[in-house]
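Below is one structure, written out as structure tokens; the observations come after it.
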Amino acid sequence: MATYNKDIIIIEGPSGVGKDTIIDEIIRRYPNIFERPINATTREMRENESQGHPYLFMTEEEFMNLRKSGEIFEHTIRHGTYRGMRKSNFEEIHNKDMIAIRDCDKFGLSALKEEFGDRVLGIFLTVDKEVIENRLRGRNEPEESLRNRLLDYDICVKDAYFFDYVIENVEINSTIDQILYIINKYNKTSIN
């Protein structure tokens with residue numbers, strides 16, 4: 001049986017730094033070790049989505065009842081709808097002897113540390129602003145969105161100190177190796 005002392009890994013960084021790519025690749029390489037927790041939301045399900053993919057969809061009343069009970073221990077409001085992290089989702093992943101891995105900002109990290117304590121490890125990814133701009137341009141990001149994301153970069157990098165580690169994401173394989181090295185430092189079961 002696997003033993004993970006740090007079984008909630010948070011990967012954060014500015015838009016365009018590659019956090020989703022890194023998380024997806026780690027899960028792809030180690031599907032029996034890592035799982036992405038699923039947030040609850042009150043927004044309407046879109047055509048290409050289903051229950052649990054990418055969210056647990058619910059009514060506002062259901063969401064508020066779960067919030068009141070403590071099941072939803074952190075939430076935000078985006079575009080008039082609620083999104084929140086569910087305690088049981090992290091426990092389900094823990095009970096499968098797996099590691100929960102996801103992105104979230106400093107507020108989400110703080111809520112996770114308050115709820116789960118030393119089980120949480122925060123890793124902040126960064127890279128030069130010019131690299132971010134080139135990556136976003138390579139994705140054909142609309143100019144207004146590009147400007148907003150670059151403004152967000154300046155705000156986001158100031159939050160790096162909230163996290164336990166900061167890694168420069170220059171090359172994906174090297175970044176993943178560094179993340180796994182850090183995770184292995186804290187866990188009795190090594191990830192190879």
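Just remember, in the structure tokens the first chain shown is A, the second B, etc., residues are 1-based per chain, and ligands are 1-based in the order shown.
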
Please produce, as a Markdown table, a per-residue contact table for range 84-156 of chain A versus range 28-46 of chain A (criterion: any atom at most 10 Å away, only C-alpha atoms considered), showing the nearest atom pair and its distance in Å to one decimal, sorted by chain then residue number.
```
| residue | atom | partner | partner_atom | distance |
| --- | --- | --- | --- | --- |
| A:Gly84 | CA | A:Ala40 | CA | 5.3 |
| A:Met85 | CA | A:Asn39 | CA | 5.0 |
| A:Arg86 | CA | A:Asn39 | CA | 6.6 |
| A:Lys87 | CA | A:Pro37 | CA | 9.8 |
| A:Ser88 | CA | A:Pro37 | CA | 9.8 |
| A:Asn89 | CA | A:Pro37 | CA | 6.2 |
| A:Phe90 | CA | A:Pro37 | CA | 6.5 |
| A:Glu91 | CA | A:Pro37 | CA | 9.9 |
| A:Glu92 | CA | A:Pro37 | CA | 9.3 |
| A:Ile93 | CA | A:Glu35 | CA | 7.0 |
| A:His94 | CA | A:Glu35 | CA | 9.8 |
| A:Lys96 | CA | A:Ile33 | CA | 9.0 |
| A:Asp97 | CA | A:Ile33 | CA | 7.6 |
| A:Met98 | CA | A:Ile33 | CA | 4.8 |
| A:Ile99 | CA | A:Phe34 | CA | 4.8 |
| A:Ala100 | CA | A:Glu35 | CA | 5.1 |
| A:Ile101 | CA | A:Arg36 | CA | 5.2 |
| A:Arg102 | CA | A:Arg36 | CA | 5.6 |
| A:Asp103 | CA | A:Arg36 | CA | 9.1 |
```

For this session: Please identify all polymer residues within 10 Å of Asp128 in chain A, counting only C-alpha atoms, omitting same-chain residues fewer than 3 positions from it, and present them as an NGL selection string.
Result: :A and (17 or 131-133 or 153 or 168-170)

For this session: Compile the contact shell of Phe63 in chain A as a list in words: residues with an atom at most 12 Å away, counting only C-alpha atoms, same-chain residues fewer than 3 positions apart removed.
Result: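 So, after excluding close chain neighbours, the residues are Asn39, Ala40, Thr41, Thr42, Arg43, Leu56, Phe57, Met58, Thr59, Glu60, Leu66, Arg67, Lys68, Ser69, Gly70, Glu71, Ile72, Phe73, Glu74, His75, Thr76, Ile77, Thr81, Tyr82, Arg83, Gly84, Met85 and Arg86 of chain A.
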
With N, CA, C and O atoms retained, export the selected residues as a JSON list (two decimals), in the first residue's frame.
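Listed below is the output, out_34.json:
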```
[["chain", "number", "residue", "atom", "x", "y", "z"],
["A", 39, "ASN", "N", -14.25, 20.09, -8.98],
["A", 39, "ASN", "CA", -14.99, 21.14, -8.28],
["A", 39, "ASN", "C", -16.49, 21.00, -8.53],
["A", 39, "ASN", "O", -16.92, 20.47, -9.55],
["A", 40, "ALA", "N", -17.25, 21.51, -7.59],
["A", 40, "ALA", "CA", -18.69, 21.65, -7.78],
["A", 40, "ALA", "C", -18.96, 23.02, -8.38],
["A", 40, "ALA", "O", -18.21, 23.96, -8.15],
["A", 41, "THR", "N", -20.03, 23.12, -9.17],
["A", 41, "THR", "CA", -20.41, 24.41, -9.75],
["A", 41, "THR", "C", -21.91, 24.50, -9.93],
["A", 41, "THR", "O", -22.59, 23.48, -10.08],
["A", 42, "THR", "N", -22.39, 25.74, -9.92],
["A", 42, "THR", "CA", -23.81, 25.98, -10.16],
["A", 42, "THR", "C", -24.07, 26.44, -11.60],
["A", 42, "THR", "O", -25.20, 26.70, -11.95],
["A", 43, "ARG", "N", -23.02, 26.54, -12.40],
["A", 43, "ARG", "CA", -23.25, 26.98, -13.78],
["A", 43, "ARG", "C", -23.89, 25.85, -14.59],
["A", 43, "ARG", "O", -23.82, 24.69, -14.23],
["A", 56, "LEU", "N", -18.77, 18.86, -11.05],
["A", 56, "LEU", "CA", -19.97, 18.27, -10.49],
["A", 56, "LEU", "C", -21.01, 19.39, -10.53],
["A", 56, "LEU", "O", -20.90, 20.37, -9.82],
["A", 57, "PHE", "N", -21.98, 19.26, -11.42],
["A", 57, "PHE", "CA", -22.98, 20.31, -11.64],
["A", 57, "PHE", "C", -24.12, 20.14, -10.65],
["A", 57, "PHE", "O", -24.58, 19.03, -10.40],
["A", 58, "MET", "N", -24.56, 21.26, -10.06],
["A", 58, "MET", "CA", -25.64, 21.22, -9.09],
["A", 58, "MET", "C", -26.39, 22.55, -9.07],
["A", 58, "MET", "O", -25.91, 23.54, -9.62],
["A", 59, "THR", "N", -27.53, 22.52, -8.40],
["A", 59, "THR", "CA", -28.30, 23.75, -8.27],
["A", 59, "THR", "C", -27.65, 24.63, -7.21],
["A", 59, "THR", "O", -26.85, 24.16, -6.38],
["A", 60, "GLU", "N", -28.04, 25.89, -7.20],
["A", 60, "GLU", "CA", -27.53, 26.81, -6.18],
["A", 60, "GLU", "C", -27.95, 26.37, -4.78],
["A", 60, "GLU", "O", -27.17, 26.46, -3.82],
["A", 66, "LEU", "N", -24.42, 22.26, 0.79],
["A", 66, "LEU", "CA", -23.11, 21.64, 0.97],
["A", 66, "LEU", "C", -22.12, 22.63, 1.60],
["A", 66, "LEU", "O", -21.27, 22.25, 2.41],
["A", 67, "ARG", "N", -22.26, 23.87, 1.25],
["A", 67, "ARG", "CA", -21.41, 24.92, 1.85],
["A", 67, "ARG", "C", -21.71, 25.04, 3.35],
["A", 67, "ARG", "O", -20.81, 25.11, 4.17],
["A", 68, "LYS", "N", -23.00, 25.06, 3.66],
["A", 68, "LYS", "CA", -23.44, 25.20, 5.05],
["A", 68, "LYS", "C", -22.96, 24.02, 5.89],
["A", 68, "LYS", "O", -22.57, 24.18, 7.06],
["A", 69, "SER", "N", -22.94, 22.82, 5.31],
["A", 69, "SER", "CA", -22.54, 21.61, 6.05],
["A", 69, "SER", "C", -21.03, 21.51, 6.20],
["A", 69, "SER", "O", -20.54, 20.68, 6.97],
["A", 70, "GLY", "N", -20.27, 22.32, 5.44],
["A", 70, "GLY", "CA", -18.82, 22.24, 5.48],
["A", 70, "GLY", "C", -18.22, 21.34, 4.42],
["A", 70, "GLY", "O", -17.01, 21.25, 4.27],
["A", 71, "GLU", "N", -19.09, 20.63, 3.68],
["A", 71, "GLU", "CA", -18.60, 19.77, 2.59],
["A", 71, "GLU", "C", -17.87, 20.60, 1.53],
["A", 71, "GLU", "O", -16.81, 20.22, 1.06],
["A", 72, "ILE", "N", -18.45, 21.73, 1.16],
["A", 72, "ILE", "CA", -17.75, 22.68, 0.29],
["A", 72, "ILE", "C", -17.07, 23.67, 1.22],
["A", 72, "ILE", "O", -17.72, 24.47, 1.89],
["A", 73, "PHE", "N", -15.74, 23.57, 1.30],
["A", 73, "PHE", "CA", -14.99, 24.35, 2.29],
["A", 73, "PHE", "C", -14.35, 25.59, 1.71],
["A", 73, "PHE", "O", -13.78, 26.40, 2.45],
["A", 74, "GLU", "N", -14.42, 25.76, 0.40],
["A", 74, "GLU", "CA", -13.87, 26.95, -0.27],
["A", 74, "GLU", "C", -14.69, 27.18, -1.51],
["A", 74, "GLU", "O", -15.07, 26.22, -2.19],
["A", 75, "HIS", "N", -15.00, 28.44, -1.79],
["A", 75, "HIS", "CA", -15.74, 28.70, -3.02],
["A", 75, "HIS", "C", -15.43, 30.09, -3.56],
["A", 75, "HIS", "O", -14.94, 30.96, -2.85],
["A", 76, "THR", "N", -15.72, 30.24, -4.84],
["A", 76, "THR", "CA", -15.61, 31.54, -5.50],
["A", 76, "THR", "C", -16.87, 31.75, -6.32],
["A", 76, "THR", "O", -17.63, 30.81, -6.57],
["A", 77, "ILE", "N", -17.06, 32.99, -6.72],
["A", 77, "ILE", "CA", -18.17, 33.32, -7.63],
["A", 77, "ILE", "C", -17.55, 33.84, -8.91],
["A", 77, "ILE", "O", -16.75, 34.77, -8.89],
["A", 81, "THR", "N", -21.98, 32.59, -11.05],
["A", 81, "THR", "CA", -22.21, 31.21, -10.60],
["A", 81, "THR", "C", -21.14, 30.82, -9.58],
["A", 81, "THR", "O", -20.06, 31.41, -9.54],
["A", 82, "TYR", "N", -21.47, 29.84, -8.76],
["A", 82, "TYR", "CA", -20.56, 29.39, -7.70],
["A", 82, "TYR", "C", -19.70, 28.22, -8.19],
["A", 82, "TYR", "O", -20.17, 27.37, -8.96],
["A", 83, "ARG", "N", -18.45, 28.19, -7.69],
["A", 83, "ARG", "CA", -17.55, 27.06, -7.89],
["A", 83, "ARG", "C", -16.89, 26.80, -6.55],
["A", 83, "ARG", "O", -16.51, 27.73, -5.85],
["A", 84, "GLY", "N", -16.73, 25.53, -6.20],
["A", 84, "GLY", "CA", -16.14, 25.25, -4.91],
["A", 84, "GLY", "C", -15.49, 23.88, -4.82],
["A", 84, "GLY", "O", -15.82, 22.96, -5.57],
["A", 85, "MET", "N", -14.56, 23.76, -3.87],
["A", 85, "MET", "CA", -13.87, 22.51, -3.60],
["A", 85, "MET", "C", -14.64, 21.72, -2.56],
["A", 85, "MET", "O", -15.10, 22.27, -1.56],
["A", 86, "ARG", "N", -14.75, 20.42, -2.81],
["A", 86, "ARG", "CA", -15.50, 19.52, -1.93],
["A", 86, "ARG", "C", -14.54, 18.69, -1.07],
["A", 86, "ARG", "O", -13.64, 18.04, -1.60]]
```

Exercise. What residues in range 37-140 of chain A get the DSSP label alpha helix (DSSP H)? Please answer as number ranges by chain.
Worked result: A: 60-69, 87-95, 106-116, 129-138

Exercise. Using only C-alpha atoms, which of A:Ile183, A:Ile176, A:Ala160, A:Cys104 sits nearest Thr3 in chain A?
Worked result: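 The answer is A:Ile183, which sits nearest to Thr3 in chain A.
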